[in-house]
Amino acid sequence: MIGLRELTSDDAVALQDIYGPESIGFLGRGPMGPAEAGSYAREAMAAADQLPRTVYTVGLARKGDLLGIVKLRLDRPAATVSYILRADAWGRGYATEGVRGILALGFDRLGLPVVHAKHHPDNPASGRVLTKAGFTPTGRVSGFETYLARPRQPPRPGHRRGRSA
Ligand SMILES: CC(C)(COP(=O)(O)OP(=O)(O)OC[C@H]1O[C@@H](n2cnc3c(N)ncnc32)[C@H](O)[C@@H]1OP(=O)(O)O)[C@@H](O)C(=O)NCCC(=O)NCCS
């Protein structure tokens with residue numbers, strides 16, 4: 001059983017494995033070290049306490065093992081989803097499950113009308129994750145393949161942005 005959960009300060013070591021050399025190839029950054037992992041976890045926890053909450057940086061975990069991160073950002077002009085998975089967890093549908101979970105949060109609980117995502121053109125597996133999770137390709141912008149997803153049902157009036165994952 002795989003699911004989304006909030007990060008804690010105990011996740012710093014797992015974060016370094018997730019943002020390891022194999023996973024970061026398309027992200028334009030280096031592997032994550034201990035100091036960055038600690039501040040990443042602290043920032044995610046602080047974001048979870050913000051009201052209204054604008055950033056959901058949540059862990060994708062299976063049987064207590066933190067395998068990846070899924071992010072929903074509401075602090076930019078458009079709501080965006082992104083994700084990263086530890087390399088030894090690829091190819092088992094976990095990223096797709098994580099993206100479906102965060103879209104359910106965005107659409108069903110937060111009432112978002114649209115969510116955007118993008119991936120590097122040399123990472124077609126990431127595009128497959130997005131289309132399996134319900135995204136539609138919209139073209140290429142600044143060298144990235146772009147996508148959007150809308151709720152299956154239009155958002156009901158009265159939805160508010162929540163604070164928990
Ligand atoms: C993108 C990534 C996270 C996918 O995670 P994952 O859990 O392996 O994805 P899933 O198993 O849910 O689905 C992968 C799909 O891509 C397909 N796929 C794999 N390699 C592919 C390729 N080279 N071309 C096209 N499709 C490919 C798989 O067949 C699968 O589709 P299917 O279920 O129809 O067979 C991971 O593979 C990866 O590339 N990580 C590198 C960096 C990263 O994390 N990028 C995300 C930021 S955008």
# chains A, B, ... in the order shown; residues from 1 in each chain; ligands from 1
$ closest_atom_pairs --of "chain A" --to "ligand 1" --cutoff "8 Å" --atoms "only C-alpha atoms and all ligand atoms" --output "Markdown table"
| residue | atom | partner | partner_atom_place_in_ligand_line | distance |
| --- | --- | --- | --- | --- |
| A:Glu22 | CA | ligand 1 | 41 (C) | 7.0 |
| A:Ser23 | CA | ligand 1 | 42 (C) | 4.2 |
| A:Ile24 | CA | ligand 1 | 42 (C) | 5.5 |
| A:Gly25 | CA | ligand 1 | 42 (C) | 6.3 |
| A:Phe26 | CA | ligand 1 | 42 (C) | 6.1 |
| A:Leu27 | CA | ligand 1 | 47 (C) | 6.8 |
| A:Ser82 | CA | ligand 1 | 48 (S) | 5.9 |
| A:Tyr83 | CA | ligand 1 | 47 (C) | 5.0 |
| A:Ile84 | CA | ligand 1 | 44 (O) | 3.3 |
| A:Leu85 | CA | ligand 1 | 44 (O) | 4.7 |
| A:Arg86 | CA | ligand 1 | 44 (O) | 7.3 |
| A:Ala87 | CA | ligand 1 | 40 (N) | 6.6 |
| A:Ala89 | CA | ligand 1 | 7 (O) | 6.4 |
| A:Trp90 | CA | ligand 1 | 8 (O) | 3.3 |
| A:Gly91 | CA | ligand 1 | 8 (O) | 3.4 |
| A:Arg92 | CA | ligand 1 | 11 (O) | 4.2 |
| A:Gly93 | CA | ligand 1 | 12 (O) | 3.1 |
| A:Tyr94 | CA | ligand 1 | 7 (O) | 4.1 |
| A:Ala95 | CA | ligand 1 | 7 (O) | 3.8 |
| A:Thr96 | CA | ligand 1 | 12 (O) | 3.9 |
| A:Glu97 | CA | ligand 1 | 12 (O) | 6.6 |
| A:Lys118 | CA | ligand 1 | 48 (S) | 6.4 |
| A:His119 | CA | ligand 1 | 48 (S) | 4.5 |
| A:His120 | CA | ligand 1 | 48 (S) | 6.7 |
| A:Asn123 | CA | ligand 1 | 39 (O) | 5.9 |
| A:Pro124 | CA | ligand 1 | 24 (N) | 4.5 |
| A:Ala125 | CA | ligand 1 | 16 (O) | 3.6 |
| A:Ser126 | CA | ligand 1 | 1 (C) | 3.6 |
| A:Gly127 | CA | ligand 1 | 16 (O) | 7.2 |
| A:Arg128 | CA | ligand 1 | 16 (O) | 4.7 |
| A:Val129 | CA | ligand 1 | 13 (O) | 4.9 |
| A:Lys132 | CA | ligand 1 | 34 (O) | 7.2 |
$ residues_around --residues "Glu6 of chain A" --least-positions-apart "5" --cutoff "12 Å" --atoms "only C-alpha atoms" --output "number ranges by chain"
A: 11, 41-49, 55-61, 66, 68-71, 163-165
$ residues_around --residues "Leu130 of chain A" --least-positions-apart "4" --cutoff "8 Å" --atoms "only C-alpha atoms" --output "number ranges by chain"
A: 96, 99, 117, 126, 134-136, 147
$ write_last_selection --atoms "C-alpha atoms" --output "mmCIF file, in the first residue's frame"
data_model
loop_
_atom_site.group_PDB
_atom_site.id
_atom_site.type_symbol
_atom_site.label_atom_id
_atom_site.label_comp_id
_atom_site.auth_asym_id
_atom_site.auth_seq_id
_atom_site.Cartn_x
_atom_site.Cartn_y
_atom_site.Cartn_z
ATOM 1 C CA THR A 96 1.590 7.541 -11.039
ATOM 2 C CA VAL A 99 0.456 12.088 -8.839
ATOM 3 C CA ALA A 117 2.993 20.011 -14.843
ATOM 4 C CA SER A 126 7.679 11.188 -16.665
ATOM 5 C CA GLY A 134 -4.987 12.313 -16.083
ATOM 6 C CA PHE A 135 -2.857 15.115 -17.569
ATOM 7 C CA THR A 136 -3.126 16.234 -21.218
ATOM 8 C CA TYR A 147 0.684 19.389 -19.440
#
$ select_by_dssp --residues "segment 81-157 of chain A" --states "alpha helix (DSSP H)" --output "PyMOL selection string"
chain A and resi 94-104+124-133
$ select_by_dssp --residues "segment 34-157 of chain A" --states "strand (DSSP E or B)" --output "short mmCIF file (atom, residue, chain, number, x, y, z; two decimals) with C-alpha atoms, in the first residue's frame"
data_model
loop_
_atom_site.label_atom_id
_atom_site.label_comp_id
_atom_site.auth_asym_id
_atom_site.auth_seq_id
_atom_site.Cartn_x
_atom_site.Cartn_y
_atom_site.Cartn_z
CA VAL A 55 2.89 24.46 -0.76
CA TYR A 56 2.27 20.74 -0.26
CA THR A 57 5.62 18.95 -0.22
CA VAL A 58 4.53 15.46 0.78
CA GLY A 59 6.23 12.11 1.00
CA LEU A 60 5.28 9.06 -1.04
CA ALA A 61 5.71 6.14 1.32
CA ARG A 62 5.23 2.39 1.21
CA ASP A 65 9.70 3.48 3.48
CA LEU A 66 9.85 7.02 2.04
CA LEU A 67 10.27 6.42 -1.72
CA GLY A 68 9.61 9.81 -3.22
CA ILE A 69 8.28 13.33 -2.98
CA VAL A 70 5.22 14.80 -4.63
CA LYS A 71 4.70 18.55 -4.62
CA LEU A 72 1.66 20.71 -5.23
CA ARG A 73 2.44 24.43 -5.38
CA THR A 80 1.75 22.96 -10.40
CA VAL A 81 2.54 19.35 -9.59
CA SER A 82 6.04 17.87 -9.60
CA TYR A 83 7.59 14.68 -8.24
CA ILE A 84 10.77 12.72 -7.79
CA LEU A 85 11.26 9.07 -6.96
CA VAL A 115 -3.18 21.96 -12.37
CA HIS A 116 -0.09 22.23 -14.56
CA ALA A 117 2.99 20.01 -14.84
CA LYS A 118 6.06 19.67 -17.05
CA HIS A 119 8.91 17.31 -17.72
CA THR A 136 -3.13 16.23 -21.22
CA PRO A 137 -0.09 17.46 -23.18
CA THR A 138 -0.23 21.16 -24.07
CA GLY A 139 3.02 21.66 -25.99
CA ARG A 140 6.57 22.70 -25.24
CA VAL A 141 7.58 25.80 -23.28
CA PHE A 144 9.98 21.43 -21.31
CA GLU A 145 6.97 19.33 -22.32
CA THR A 146 3.96 20.93 -20.66
CA TYR A 147 0.68 19.39 -19.44
CA LEU A 148 -2.50 20.32 -17.65
CA ALA A 149 -5.21 18.48 -15.79
#
$ closest_residue --among "A:Arg152, A:Asp75, A:Arg100, A:Glu36" --to "Thr131 of chain A" --atoms "only C-alpha atoms"
A:Arg100
$ atom_distance --atom1 "atom CA of Asp108 of chain A" --atom2 "atom CA of Gly64 of chain A"
25.6 Å
$ residues_around --residues "Ala12 of chain A" --least-positions-apart "6" --cutoff "7 Å" --atoms "only C-alpha atoms" --output "JSON, numbers by chain"
{"A": [34, 37, 38, 41]}
$ write_last_selection --atoms "N, CA and C atoms" --output "compact mmCIF listing (two decimals), in the first residue's frame"
# COMPACT_ATOMS: atom_id res chain seq x y z
N PRO A 34 23.41 16.27 3.32
CA PRO A 34 22.71 16.26 4.61
C PRO A 34 22.16 17.62 5.02
N ALA A 37 19.15 18.46 2.93
CA ALA A 37 18.04 17.56 3.26
C ALA A 37 17.35 18.00 4.56
N GLY A 38 18.16 18.42 5.52
CA GLY A 38 17.59 18.89 6.79
C GLY A 38 16.73 20.12 6.57
N ALA A 41 13.41 19.31 4.72
CA ALA A 41 12.37 18.75 5.60
C ALA A 41 11.76 19.84 6.48
$ atom_distance --atom1 "atom CA of Ile18 of chain A" --atom2 "atom CA of Phe107 of chain A"
26.5 Å
$ atom_distance --atom1 "atom CA of Gly3 of chain A" --atom2 "atom CA of Leu74 of chain A"
21.1 Å
$ decode --residues "segment 29-138 of chain A" --atoms "C-alpha atoms" --output "tab-separated table (two decimals), in the first residue's frame"
chain	number	residue	atom	x	y	z
A	29	ARG	CA	20.77	20.29	-9.82
A	30	GLY	CA	23.23	18.14	-7.90
A	31	PRO	CA	22.53	15.34	-5.43
A	32	MET	CA	21.15	16.43	-2.07
A	33	GLY	CA	23.53	16.49	0.89
A	34	PRO	CA	22.71	16.26	4.61
A	35	ALA	CA	22.46	20.02	5.23
A	36	GLU	CA	20.11	20.62	2.32
A	37	ALA	CA	18.04	17.56	3.26
A	38	GLY	CA	17.59	18.89	6.79
A	39	SER	CA	16.45	22.31	5.60
A	40	TYR	CA	14.22	20.73	2.93
A	41	ALA	CA	12.37	18.75	5.60
A	42	ARG	CA	12.11	21.78	7.88
A	43	GLU	CA	10.76	23.96	5.06
A	44	ALA	CA	8.20	21.31	4.11
A	45	MET	CA	7.05	21.12	7.74
A	46	ALA	CA	6.84	24.91	8.01
A	47	ALA	CA	4.84	25.06	4.76
A	48	ALA	CA	2.42	22.49	6.21
A	49	ASP	CA	1.71	24.85	9.13
A	50	GLN	CA	1.06	27.90	7.00
A	51	LEU	CA	-2.47	29.23	6.71
A	52	PRO	CA	-3.57	29.38	4.03
A	53	ARG	CA	-1.28	26.59	2.93
A	54	THR	CA	0.29	27.25	-0.46
A	55	VAL	CA	2.89	24.46	-0.76
A	56	TYR	CA	2.27	20.74	-0.26
A	57	THR	CA	5.62	18.95	-0.22
A	58	VAL	CA	4.53	15.46	0.78
A	59	GLY	CA	6.23	12.11	1.00
A	60	LEU	CA	5.28	9.06	-1.04
A	61	ALA	CA	5.71	6.14	1.32
A	62	ARG	CA	5.23	2.39	1.21
A	63	LYS	CA	5.24	0.35	4.42
A	64	GLY	CA	7.09	3.11	6.25
A	65	ASP	CA	9.70	3.48	3.48
A	66	LEU	CA	9.85	7.02	2.04
A	67	LEU	CA	10.27	6.42	-1.72
A	68	GLY	CA	9.61	9.81	-3.22
A	69	ILE	CA	8.28	13.33	-2.98
A	70	VAL	CA	5.22	14.80	-4.63
A	71	LYS	CA	4.70	18.55	-4.62
A	72	LEU	CA	1.66	20.71	-5.23
A	73	ARG	CA	2.44	24.43	-5.38
A	74	LEU	CA	-0.25	27.07	-5.12
A	75	ASP	CA	2.16	29.96	-4.57
A	76	ARG	CA	2.66	30.76	-8.26
A	77	PRO	CA	0.30	32.11	-10.94
A	78	ALA	CA	-0.65	28.52	-11.86
A	79	ALA	CA	-0.98	25.49	-9.55
A	80	THR	CA	1.75	22.96	-10.40
A	81	VAL	CA	2.54	19.35	-9.59
A	82	SER	CA	6.04	17.87	-9.60
A	83	TYR	CA	7.59	14.68	-8.24
A	84	ILE	CA	10.77	12.72	-7.79
A	85	LEU	CA	11.26	9.07	-6.96
A	86	ARG	CA	14.20	7.12	-5.51
A	87	ALA	CA	15.81	5.26	-8.42
A	88	ASP	CA	15.30	1.75	-6.99
A	89	ALA	CA	11.54	2.42	-6.82
A	90	TRP	CA	11.04	3.27	-10.51
A	91	GLY	CA	8.89	1.18	-12.83
A	92	ARG	CA	6.28	-0.02	-10.34
A	93	GLY	CA	3.60	2.61	-10.84
A	94	TYR	CA	4.45	4.49	-7.66
A	95	ALA	CA	4.95	7.89	-9.31
A	96	THR	CA	1.59	7.54	-11.04
A	97	GLU	CA	-0.08	6.70	-7.72
A	98	GLY	CA	1.57	9.71	-6.09
A	99	VAL	CA	0.46	12.09	-8.84
A	100	ARG	CA	-3.10	10.71	-8.69
A	101	GLY	CA	-3.10	11.25	-4.94
A	102	ILE	CA	-1.94	14.85	-5.11
A	103	LEU	CA	-4.45	15.60	-7.89
A	104	ALA	CA	-7.22	14.22	-5.68
A	105	LEU	CA	-6.08	16.62	-2.98
A	106	GLY	CA	-5.95	19.53	-5.43
A	107	PHE	CA	-9.28	18.87	-7.12
A	108	ASP	CA	-11.47	17.14	-4.54
A	109	ARG	CA	-10.32	18.87	-1.36
A	110	LEU	CA	-8.94	22.20	-2.53
A	111	GLY	CA	-11.31	22.74	-5.46
A	112	LEU	CA	-8.60	23.77	-7.93
A	113	PRO	CA	-9.90	24.35	-11.49
A	114	VAL	CA	-6.64	23.35	-13.21
A	115	VAL	CA	-3.18	21.96	-12.37
A	116	HIS	CA	-0.09	22.23	-14.56
A	117	ALA	CA	2.99	20.01	-14.84
A	118	LYS	CA	6.06	19.67	-17.05
A	119	HIS	CA	8.91	17.31	-17.72
A	120	HIS	CA	12.20	17.23	-19.54
A	121	PRO	CA	11.77	15.96	-23.14
A	122	ASP	CA	14.45	13.31	-22.58
A	123	ASN	CA	12.40	11.80	-19.74
A	124	PRO	CA	9.39	10.25	-21.53
A	125	ALA	CA	8.63	8.02	-18.53
A	126	SER	CA	7.68	11.19	-16.66
A	127	GLY	CA	5.28	12.15	-19.47
A	128	ARG	CA	3.74	8.70	-19.28
A	129	VAL	CA	3.24	9.15	-15.53
A	130	LEU	CA	1.42	12.42	-16.19
A	131	THR	CA	-0.88	11.10	-18.91
A	132	LYS	CA	-1.70	7.96	-16.86
A	133	ALA	CA	-2.60	10.22	-13.94
A	134	GLY	CA	-4.99	12.31	-16.08
A	135	PHE	CA	-2.86	15.12	-17.57
A	136	THR	CA	-3.13	16.23	-21.22
A	137	PRO	CA	-0.09	17.46	-23.18
A	138	THR	CA	-0.23	21.16	-24.07
